Amino acid sequence: MQYADPDDILGKAYDARIARRLAKEATPFRWQLSLTVILMIVTACADLALPYLFGVGIDVVNPASPRSFLGRSGTAALNVLIPILAFSIFLRFMAYYGQTYFASWIGQQLVLRLRSKLFHHLQRLNISYIDQRGVGSIMSRLQNDVSVINDLFSDGLVSIVADLAILVGIVIVMLITNPKLALLTFAVTPVMAIMMVWWRKHAISAYRGMRITIARVNANLAESIAGVRVSQAFAREVENMDQFNRINRDNFDASVTAARYSAILFPFVQIVEAVATGLVLFIGGRIILGGSAFTIGELFTFVAYISRFYEPVRDLSQQYNTMQAAMVAGERIFALEDVQPEIVDKPNAIVLPRVRGDVVFDNVVFGYDSTEVLHGMNLEVKSGQSVAFVGETGAGKSSMINLLTRFYDVWSGAIRVDGYDIRDVTQQSLRSQFGIVLQDTFLFAGTVRENIAYGRPDATLEEVIEASKAVGAHTFIEKLIDGYDTEVHERGATLSVGQRQLISFARALLCDPRIIVLDEATSSVDTETEIIIQEALNTLLRGRTSFLIAHRLSTIKSVSMVVVLDHGRIIETGTHEELLERRGAYYNLYTMQFRAQEPQALADRQRLAND
C-alpha cells in the first residue's frame, strides 16, 4: 500500500510565477517589509563594524602601531572608541530585534491572510471537488503549506537577505583593507563552491526521501487510528504493527541519510574556514614581520571577517531547502485557490421568497464527469406531499436529492421550486428553505444545544427544547451529564447512532423548513428509535414537502408518493398500496427487501405499546 502523496515531490528552488504571487500576497505589508530590509542592512553594518572597531582598539593601545582613530591615539582614542563600540552593539541588538519581530509579524499576517482566504474559498467549492481531493489533502494545504510560507517570510528571507548583505559588505571591506589578503582568502572559495554543488545534489534527494517517508508514516497513523475498530475486529494488530514498523523504519533510514549529509557540510565549512584563516595568518604575519604598514589590528579584523564570511555561505546553502519547500507549498496553495466553484449564483440571481413547497423536475438530465446517470427525469410534487425515492444502489436516488438542493447543477432541463428555476435564485436563499438530515450524522464540537441551534444560532433555549421534544430527543438529552449544555465530543462519539440522528432531526426542524430532505436518515437507528422518530415525523412533516431516501417499510408506507428509480429513470410512481397492487418493480423490491422487516417492526411496535 502506497501512502506518499505525489504533491510531496519537491520542485524547483525558485519559480518566478509562484514568487510573484507570494510577493502579491505580501503587498499589503510592503511598509513593514521595507522597514525589515532597512533593519537587516543596519544589522549587517553593525556586524561589519564590530570586527573593525575591535581591530582598531588593538592597534591604538599598541605604542608601536602608527594607527589612529579619528585623529586620536592611545587613551584619547579609547575614550572615543569605547562609546562607539557600545553604541554599535546596542544598535545591532535593536536592529536585530526589530528585523526579527517584523519578519515574524509579516509571516503571521500571511498565515492569517492565506488561511482566511482559503477557508472562505473552500466554503464556495463544490462538494465533488472535496470528495475527489480528500479532506486530508486539503487540510495539508491549510496547515502545513501555509506554515511553510510563514517559515519563508519569518526566517528564510530574513536569513537570505541578511547573509547576502553580510557577504557583500565583508568582500568590500576586505578588498579595501588589503586586496592581496582578500584575494588569498577568496582563493579557497572555488573548493567551497564545488563542495556545495555536490552537497546540494545529494542533500536534496535525501530531504525528499525524508519528506515522503514521513508523509507515509502520517498517512498510516491516520488510517490505523480511524480504522482501529475494524483492525481489532479482524485481529489485525500484529500485521498492522509489522506494516507500521516497516514504514517507520523507512523514515528512520531516510532521516539518518539526511542527517549524514548535514553532518558532512558543517565540518567541511569549518575546514575551509580554518585553511583560509591559516593562510591569512601565515601571509599576514610575514607581512607584519617584514615591516609593512599592515598592523596586528588589521590582521585581527581580517581573521574575524573570514569567520563571518563562511557562516552566511553555509547558511545560504541551508536556505535552499526553505526556498524549495516554499515554492512547492506556494504552488499547492495557489492550485487550490485557482479552483473555481462550478455552482455559482448568476449575476442577476434573485432571493427566493418563502416558498409553499411545490417542486417540479422538468426533463432533468445529469451525470458525473462524462457519464450520464439521470435520463430525462420528470416529476411533479405538490406542496405538503411526501415523496420516497426507492431503487437499487446506483439507481439515482441521491443524485435527485443533490440536484434539488443544488449541490450539483443539471446538465439540461430544469428543477423548479414554486415556479422558480433554482439556478435563477441565490444558493443561500434556496438552501435556507430546506431541512436536511443525512445518513451519516455530523455533529460539530460544542454543546448539544449549539448543535441543535446550528442553523439558527439565535434560537432560544425554549425553542431548542421544543424542537427536541417534537422529535423525541428531549428525554435522553435531559439525562446527559449537563443536559443541553453537555459537550459533544468529536463527531458525537459519546452518543449512540440513534441519539445523533435525533439531534440532527431537531437541528433540521428548528429551522422551520418548507422542504425536508431525509437521505436514509433512519437506516442506522434501531427499531425503537425509528418508531419514536416516525411518530414525531408524522406530525411535523404535515404541511411541508418532504423527500425521503429510505429502505425501511415503516417510512415508505406513510408517504404520499413512492417513486421507483432504475438506472436513472423513473419506472413507477404511486402510493405504497397502489404499487403493491400493480405487482411491478416496487412489488419485487418490497418482496425481496421489505417483507422480512415488517413482522419485526410490528412486534417492536406492539411491545412498545404494551410497555
# chains A, B, ... in the order shown; residues from 1 in each chain; ligands from 1

call {"tool": "select_by_dssp", "arguments": {"residues": "stretch 293-468 of chain A", "states": "strand (DSSP E)", "output": "JSON, numbers by chain"}}
result
{"A": [359, 360, 361, 362, 363, 364, 365, 366, 367, 368, 371, 372, 373, 374, 375, 376, 377, 378, 379, 380, 381, 386, 387, 388, 389, 390, 412, 413, 414, 415, 416, 417, 420, 421, 434, 435, 436, 437, 446, 447]}

call {"tool": "select_by_dssp", "arguments": {"residues": "stretch 395-541 of chain A", "states": "alpha helix (DSSP H)", "output": "PyMOL selection string"}}
result
chain A and resi 397-404+427-431+448-452+461-470+474-478+497-510+527-540

call {"tool": "closest_residue", "arguments": {"among": "A:Leu336, A:Met327, A:Leu430, A:Phe547", "to": "A:Ile401", "atoms": "only C-alpha atoms"}}
result
A:Phe547

call {"tool": "atom_distance", "arguments": {"atom1": "atom CA of A:Gly156", "atom2": "atom CA of A:Gln324"}}
result
10.8 Å

call {"tool": "atom_distance", "arguments": {"atom1": "atom CA of A:Val197", "atom2": "atom CA of A:Ile214"}}
result
25.9 Å

call {"tool": "residues_around", "arguments": {"residues": "A:Ala326", "least_positions_apart": "2", "cutoff": "7 Å", "atoms": "only C-alpha atoms", "output": "ChimeraX atom specification"}}
result
/A:148-149,152,322-324,328-330

call {"tool": "write_last_selection", "arguments": {"atoms": "all heavy atoms", "output": "PDB file, in the first residue's frame"}}
result
ATOM      1  N   VAL A 148       4.700  26.595   5.943  1.00  0.00           N
ATOM      2  CA  VAL A 148       5.962  26.686   5.192  1.00  0.00           C
ATOM      3  C   VAL A 148       6.160  28.109   4.658  1.00  0.00           C
ATOM      4  O   VAL A 148       7.274  28.646   4.672  1.00  0.00           O
ATOM      5  CB  VAL A 148       5.979  25.660   4.044  1.00  0.00           C
ATOM      6  CG1 VAL A 148       7.157  25.906   3.115  1.00  0.00           C
ATOM      7  CG2 VAL A 148       6.067  24.247   4.609  1.00  0.00           C
ATOM      8  N   ILE A 149       5.072  28.726   4.179  1.00  0.00           N
ATOM      9  CA  ILE A 149       5.160  30.111   3.703  1.00  0.00           C
ATOM     10  C   ILE A 149       5.534  31.034   4.859  1.00  0.00           C
ATOM     11  O   ILE A 149       6.318  31.974   4.692  1.00  0.00           O
ATOM     12  CB  ILE A 149       3.823  30.554   3.070  1.00  0.00           C
ATOM     13  CG1 ILE A 149       3.455  29.630   1.895  1.00  0.00           C
ATOM     14  CG2 ILE A 149       3.903  31.998   2.609  1.00  0.00           C
ATOM     15  CD1 ILE A 149       4.469  29.580   0.793  1.00  0.00           C
ATOM     16  N   LEU A 152       9.187  30.840   5.382  1.00  0.00           N
ATOM     17  CA  LEU A 152       9.939  31.576   4.367  1.00  0.00           C
ATOM     18  C   LEU A 152      10.034  33.053   4.728  1.00  0.00           C
ATOM     19  O   LEU A 152      11.124  33.634   4.700  1.00  0.00           O
ATOM     20  CB  LEU A 152       9.271  31.405   3.004  1.00  0.00           C
ATOM     21  CG  LEU A 152       9.865  32.265   1.877  1.00  0.00           C
ATOM     22  CD1 LEU A 152      11.282  31.812   1.553  1.00  0.00           C
ATOM     23  CD2 LEU A 152       8.984  32.200   0.630  1.00  0.00           C
ATOM     24  N   THR A 322      14.640  25.705   2.311  1.00  0.00           N
ATOM     25  CA  THR A 322      13.492  26.535   2.672  1.00  0.00           C
ATOM     26  C   THR A 322      12.841  27.131   1.441  1.00  0.00           C
ATOM     27  O   THR A 322      11.609  27.134   1.306  1.00  0.00           O
ATOM     28  CB  THR A 322      13.937  27.669   3.624  1.00  0.00           C
ATOM     29  OG1 THR A 322      14.541  27.098   4.792  1.00  0.00           O
ATOM     30  CG2 THR A 322      12.757  28.533   4.032  1.00  0.00           C
ATOM     31  N   MET A 323      13.658  27.633   0.517  1.00  0.00           N
ATOM     32  CA  MET A 323      13.131  28.212  -0.725  1.00  0.00           C
ATOM     33  C   MET A 323      12.391  27.151  -1.537  1.00  0.00           C
ATOM     34  O   MET A 323      11.304  27.390  -2.076  1.00  0.00           O
ATOM     35  CB  MET A 323      14.275  28.794  -1.550  1.00  0.00           C
ATOM     36  CG  MET A 323      14.834  30.092  -1.011  1.00  0.00           C
ATOM     37  SD  MET A 323      13.678  31.470  -1.253  1.00  0.00           S
ATOM     38  CE  MET A 323      13.681  31.596  -3.043  1.00  0.00           C
ATOM     39  N   GLN A 324      12.983  25.966  -1.624  1.00  0.00           N
ATOM     40  CA  GLN A 324      12.387  24.896  -2.413  1.00  0.00           C
ATOM     41  C   GLN A 324      11.047  24.470  -1.816  1.00  0.00           C
ATOM     42  O   GLN A 324      10.038  24.333  -2.539  1.00  0.00           O
ATOM     43  CB  GLN A 324      13.347  23.708  -2.460  1.00  0.00           C
ATOM     44  CG  GLN A 324      12.929  22.627  -3.441  1.00  0.00           C
ATOM     45  CD  GLN A 324      14.003  21.564  -3.562  1.00  0.00           C
ATOM     46  OE1 GLN A 324      14.471  21.047  -2.551  1.00  0.00           O
ATOM     47  NE2 GLN A 324      14.387  21.228  -4.762  1.00  0.00           N
ATOM     48  N   VAL A 328       7.132  24.873  -3.542  1.00  0.00           N
ATOM     49  CA  VAL A 328       6.173  23.768  -3.667  1.00  0.00           C
ATOM     50  C   VAL A 328       4.904  24.084  -2.886  1.00  0.00           C
ATOM     51  O   VAL A 328       3.785  23.884  -3.369  1.00  0.00           O
ATOM     52  CB  VAL A 328       6.799  22.448  -3.167  1.00  0.00           C
ATOM     53  CG1 VAL A 328       5.756  21.335  -3.149  1.00  0.00           C
ATOM     54  CG2 VAL A 328       7.963  22.053  -4.064  1.00  0.00           C
ATOM     55  N   ALA A 329       5.069  24.609  -1.656  1.00  0.00           N
ATOM     56  CA  ALA A 329       3.898  24.956  -0.849  1.00  0.00           C
ATOM     57  C   ALA A 329       3.068  26.025  -1.538  1.00  0.00           C
ATOM     58  O   ALA A 329       1.827  25.958  -1.561  1.00  0.00           O
ATOM     59  CB  ALA A 329       4.344  25.434   0.535  1.00  0.00           C
ATOM     60  N   GLY A 330       3.734  27.032  -2.103  1.00  0.00           N
ATOM     61  CA  GLY A 330       3.012  28.078  -2.815  1.00  0.00           C
ATOM     62  C   GLY A 330       2.247  27.537  -4.008  1.00  0.00           C
ATOM     63  O   GLY A 330       1.105  27.927  -4.255  1.00  0.00           O
TER      64      GLY A 330
END

call {"tool": "residues_around", "arguments": {"residues": "A:Leu541", "least_positions_apart": "5", "cutoff": "12 Å", "atoms": "only C-alpha atoms", "output": "CSV table (one decimal) with N, CA and C atoms, in the first residue's frame"}}
result
chain,number,residue,atom,x,y,z
A,357,GLY,N,-43.6,25.1,-1.4
A,357,GLY,CA,-43.0,23.7,-1.4
A,357,GLY,C,-43.4,22.9,-2.7
A,383,SER,N,-47.1,20.9,-2.9
A,383,SER,CA,-46.8,21.4,-1.5
A,383,SER,C,-47.4,20.5,-0.5
A,384,GLY,N,-46.7,20.1,0.5
A,384,GLY,CA,-47.2,19.2,1.6
A,384,GLY,C,-47.1,17.7,1.3
A,385,GLN,N,-46.7,17.4,0.1
A,385,GLN,CA,-46.6,15.9,-0.3
A,385,GLN,C,-45.3,15.4,0.3
A,386,SER,N,-45.3,14.1,0.6
A,386,SER,CA,-44.1,13.4,1.0
A,386,SER,C,-43.8,12.4,-0.1
A,387,VAL,N,-42.5,12.4,-0.5
A,387,VAL,CA,-42.1,11.5,-1.7
A,387,VAL,C,-40.9,10.6,-1.2
A,435,GLY,N,-34.6,21.6,5.2
A,435,GLY,CA,-34.1,21.0,6.3
A,435,GLY,C,-33.6,19.6,5.9
A,470,ALA,N,-40.3,17.6,20.0
A,470,ALA,CA,-41.0,17.2,18.8
A,470,ALA,C,-40.5,16.0,18.1
A,471,VAL,N,-39.2,15.8,18.2
A,471,VAL,CA,-38.6,14.6,17.6
A,471,VAL,C,-38.2,13.5,18.6
A,505,PHE,N,-32.3,15.6,13.6
A,505,PHE,CA,-33.7,15.9,13.3
A,505,PHE,C,-34.1,17.2,14.0
A,508,ALA,N,-32.6,20.2,12.1
A,508,ALA,CA,-33.3,20.5,10.9
A,508,ALA,C,-34.7,21.1,11.1
A,509,LEU,N,-35.4,20.6,12.1
A,509,LEU,CA,-36.8,21.1,12.3
A,509,LEU,C,-36.8,22.5,13.0
A,512,ASP,N,-37.5,25.4,10.9
A,512,ASP,CA,-38.8,25.5,10.3
A,512,ASP,C,-38.8,25.5,8.8
A,513,PRO,N,-38.2,24.5,8.2
A,513,PRO,CA,-38.0,24.5,6.7
A,513,PRO,C,-39.4,24.2,6.0
A,514,ARG,N,-39.4,24.6,4.8
A,514,ARG,CA,-40.6,24.3,4.0
A,514,ARG,C,-40.5,23.0,3.3
A,515,ILE,N,-39.2,22.6,3.0
A,515,ILE,CA,-39.0,21.3,2.4
A,515,ILE,C,-38.0,20.5,3.2
A,516,ILE,N,-38.3,19.3,3.5
A,516,ILE,CA,-37.4,18.4,4.3
A,516,ILE,C,-36.9,17.3,3.5
A,517,VAL,N,-35.6,17.1,3.6
A,517,VAL,CA,-34.9,16.0,2.9
A,517,VAL,C,-34.3,15.0,3.9
A,518,LEU,N,-34.7,13.8,3.8
A,518,LEU,CA,-34.2,12.7,4.7
A,518,LEU,C,-33.4,11.7,3.8
A,533,ILE,N,-38.9,8.3,16.1
A,533,ILE,CA,-38.8,9.3,15.0
A,533,ILE,C,-40.0,9.4,14.1
A,534,GLN,N,-40.5,8.2,13.7
A,534,GLN,CA,-41.6,8.2,12.8
A,534,GLN,C,-42.8,8.8,13.4
A,535,GLU,N,-43.1,8.6,14.7
A,535,GLU,CA,-44.3,9.2,15.3
A,535,GLU,C,-44.1,10.7,15.3
A,536,ALA,N,-42.9,11.2,15.6
A,536,ALA,CA,-42.7,12.7,15.5
A,536,ALA,C,-42.9,13.2,14.1
A,546,SER,N,-41.7,16.9,1.6
A,546,SER,CA,-40.6,16.1,2.1
A,546,SER,C,-40.2,15.1,1.0
A,547,PHE,N,-38.8,14.9,1.0
A,547,PHE,CA,-38.3,13.9,0.1
A,547,PHE,C,-37.4,12.9,1.0
A,548,LEU,N,-37.7,11.6,0.8
A,548,LEU,CA,-37.0,10.6,1.6
A,548,LEU,C,-36.3,9.6,0.7
A,558,SER,N,-46.1,5.4,4.7
A,558,SER,CA,-47.0,6.6,5.0
A,558,SER,C,-46.8,7.7,4.1
A,559,VAL,N,-45.9,7.6,3.1
A,559,VAL,CA,-45.6,8.8,2.2
A,559,VAL,C,-46.8,8.9,1.2
A,560,SER,N,-46.8,10.1,0.6
A,560,SER,CA,-47.9,10.4,-0.4
A,560,SER,C,-47.6,9.7,-1.7

call {"tool": "residues_around", "arguments": {"residues": "A:Ala77", "least_positions_apart": "3", "cutoff": "10 Å", "atoms": "only C-alpha atoms", "output": "JSON, numbers by chain"}}
result
{"A": [56, 57, 60, 61, 68, 69, 70, 71, 72, 73, 74, 80, 81, 82]}

call {"tool": "write_last_selection", "arguments": {"atoms": "C-alpha atoms", "output": "PDB file, in the first residue's frame"}}
result
ATOM      1  CA  VAL A  56      41.295  49.457  15.785  1.00  0.00           C
ATOM      2  CA  GLY A  57      41.198  49.004  19.570  1.00  0.00           C
ATOM      3  CA  VAL A  60      45.534  52.147  19.343  1.00  0.00           C
ATOM      4  CA  VAL A  61      46.657  50.533  22.595  1.00  0.00           C
ATOM      5  CA  SER A  68      44.975  56.206  14.994  1.00  0.00           C
ATOM      6  CA  PHE A  69      41.221  56.608  15.316  1.00  0.00           C
ATOM      7  CA  LEU A  70      39.526  59.848  14.306  1.00  0.00           C
ATOM      8  CA  GLY A  71      42.885  61.596  14.639  1.00  0.00           C
ATOM      9  CA  ARG A  72      43.414  60.292  18.136  1.00  0.00           C
ATOM     10  CA  SER A  73      45.664  57.619  19.577  1.00  0.00           C
ATOM     11  CA  GLY A  74      46.225  55.958  22.904  1.00  0.00           C
ATOM     12  CA  VAL A  80      36.030  57.791  21.734  1.00  0.00           C
ATOM     13  CA  LEU A  81      36.213  54.187  20.556  1.00  0.00           C
ATOM     14  CA  ILE A  82      34.546  52.519  23.540  1.00  0.00           C
TER      15      ILE A  82
END

call {"tool": "residues_around", "arguments": {"residues": "stretch 162-168 of chain A", "least_positions_apart": "5", "cutoff": "9 Å", "atoms": "only C-alpha atoms", "output": "PDB file with C-alpha atoms, in the first residue's frame"}}
result
ATOM      1  CA  VAL A  37      15.003  45.220   4.941  1.00  0.00           C
ATOM      2  CA  MET A  40      18.610  43.981   8.084  1.00  0.00           C
ATOM      3  CA  ILE A  41      21.039  46.395   6.433  1.00  0.00           C
ATOM      4  CA  THR A  43      22.251  44.846  11.452  1.00  0.00           C
ATOM      5  CA  ALA A  44      24.721  43.898   8.698  1.00  0.00           C
ATOM      6  CA  CYS A  45      26.550  47.240   9.003  1.00  0.00           C
ATOM      7  CA  ASP A  47      28.070  43.285  12.305  1.00  0.00           C
ATOM      8  CA  LEU A  48      30.760  44.570   9.950  1.00  0.00           C
ATOM      9  CA  LEU A 157      14.001  35.589   3.593  1.00  0.00           C
ATOM     10  CA  VAL A 173      35.722  45.852   3.440  1.00  0.00           C
ATOM     11  CA  ARG A 308      31.909  35.707   9.334  1.00  0.00           C
ATOM     12  CA  PHE A 309      32.433  35.155   5.590  1.00  0.00           C
ATOM     13  CA  TYR A 310      31.871  31.397   5.600  1.00  0.00           C
ATOM     14  CA  GLU A 311      28.978  31.433   8.055  1.00  0.00           C
ATOM     15  CA  PRO A 312      26.496  33.056   5.600  1.00  0.00           C
ATOM     16  CA  VAL A 313      27.827  30.834   2.791  1.00  0.00           C
ATOM     17  CA  ASP A 315      23.525  29.312   5.860  1.00  0.00           C
ATOM     18  CA  LEU A 316      22.609  30.152   2.258  1.00  0.00           C
TER      19      LEU A 316
END

call {"tool": "closest_residue", "arguments": {"among": "A:Ile176, A:Arg30, A:Met192, A:Phe476", "to": "A:Leu265", "atoms": "only C-alpha atoms"}}
result
A:Met192

call {"tool": "residues_around", "arguments": {"residues": "A:Ala395", "least_positions_apart": "2", "cutoff": "10 Å", "atoms": "only C-alpha atoms", "output": "list of chain:residue names"}}
result
A:Val373, A:Leu374, A:Phe389, A:Val390, A:Gly391, A:Glu392, A:Thr393, A:Lys397, A:Ser398, A:Ser399, A:Met400, A:Val564, A:Leu565, A:Asp566, A:His567, A:Gly568, A:Arg569, A:Ile570

call {"tool": "write_last_selection", "arguments": {"atoms": "C-alpha atoms", "output": "mmCIF file, in the first residue's frame"}}
result
data_model
loop_
_atom_site.group_PDB
_atom_site.id
_atom_site.type_symbol
_atom_site.label_atom_id
_atom_site.label_comp_id
_atom_site.auth_asym_id
_atom_site.auth_seq_id
_atom_site.Cartn_x
_atom_site.Cartn_y
_atom_site.Cartn_z
ATOM 1 C CA VAL A 373 -26.781 8.920 -14.738
ATOM 2 C CA LEU A 374 -30.212 10.618 -14.893
ATOM 3 C CA PHE A 389 -37.248 7.516 -3.721
ATOM 4 C CA VAL A 390 -36.588 3.776 -3.860
ATOM 5 C CA GLY A 391 -34.479 1.612 -6.086
ATOM 6 C CA GLU A 392 -31.336 -0.448 -6.239
ATOM 7 C CA THR A 393 -27.936 1.065 -5.440
ATOM 8 C CA LYS A 397 -31.830 8.443 -5.632
ATOM 9 C CA SER A 398 -29.080 10.550 -4.075
ATOM 10 C CA SER A 399 -28.499 12.354 -7.374
ATOM 11 C CA MET A 400 -32.104 13.570 -7.334
ATOM 12 C CA VAL A 564 -39.222 3.878 -8.138
ATOM 13 C CA LEU A 565 -35.934 4.566 -9.933
ATOM 14 C CA ASP A 566 -33.965 2.197 -12.112
ATOM 15 C CA HIS A 567 -30.692 3.176 -13.812
ATOM 16 C CA GLY A 568 -31.551 6.852 -13.761
ATOM 17 C CA ARG A 569 -35.138 6.578 -14.947
ATOM 18 C CA ILE A 570 -38.497 6.767 -13.173
#

call {"tool": "atom_distance", "arguments": {"atom1": "atom CA of A:Phe29", "atom2": "atom CA of A:Gln108"}}
result
11.4 Å

call {"tool": "closest_residue", "arguments": {"among": "A:Gly396, A:Gly55, A:Gly284, A:Gly107", "to": "A:Leu33", "atoms": "only C-alpha atoms"}}
result
A:Gly107

call {"tool": "closest_residue", "arguments": {"among": "A:Glu298, A:Asp151, A:Glu342, A:Glu380", "to": "A:Thr177", "atoms": "only C-alpha atoms"}}
result
A:Glu298
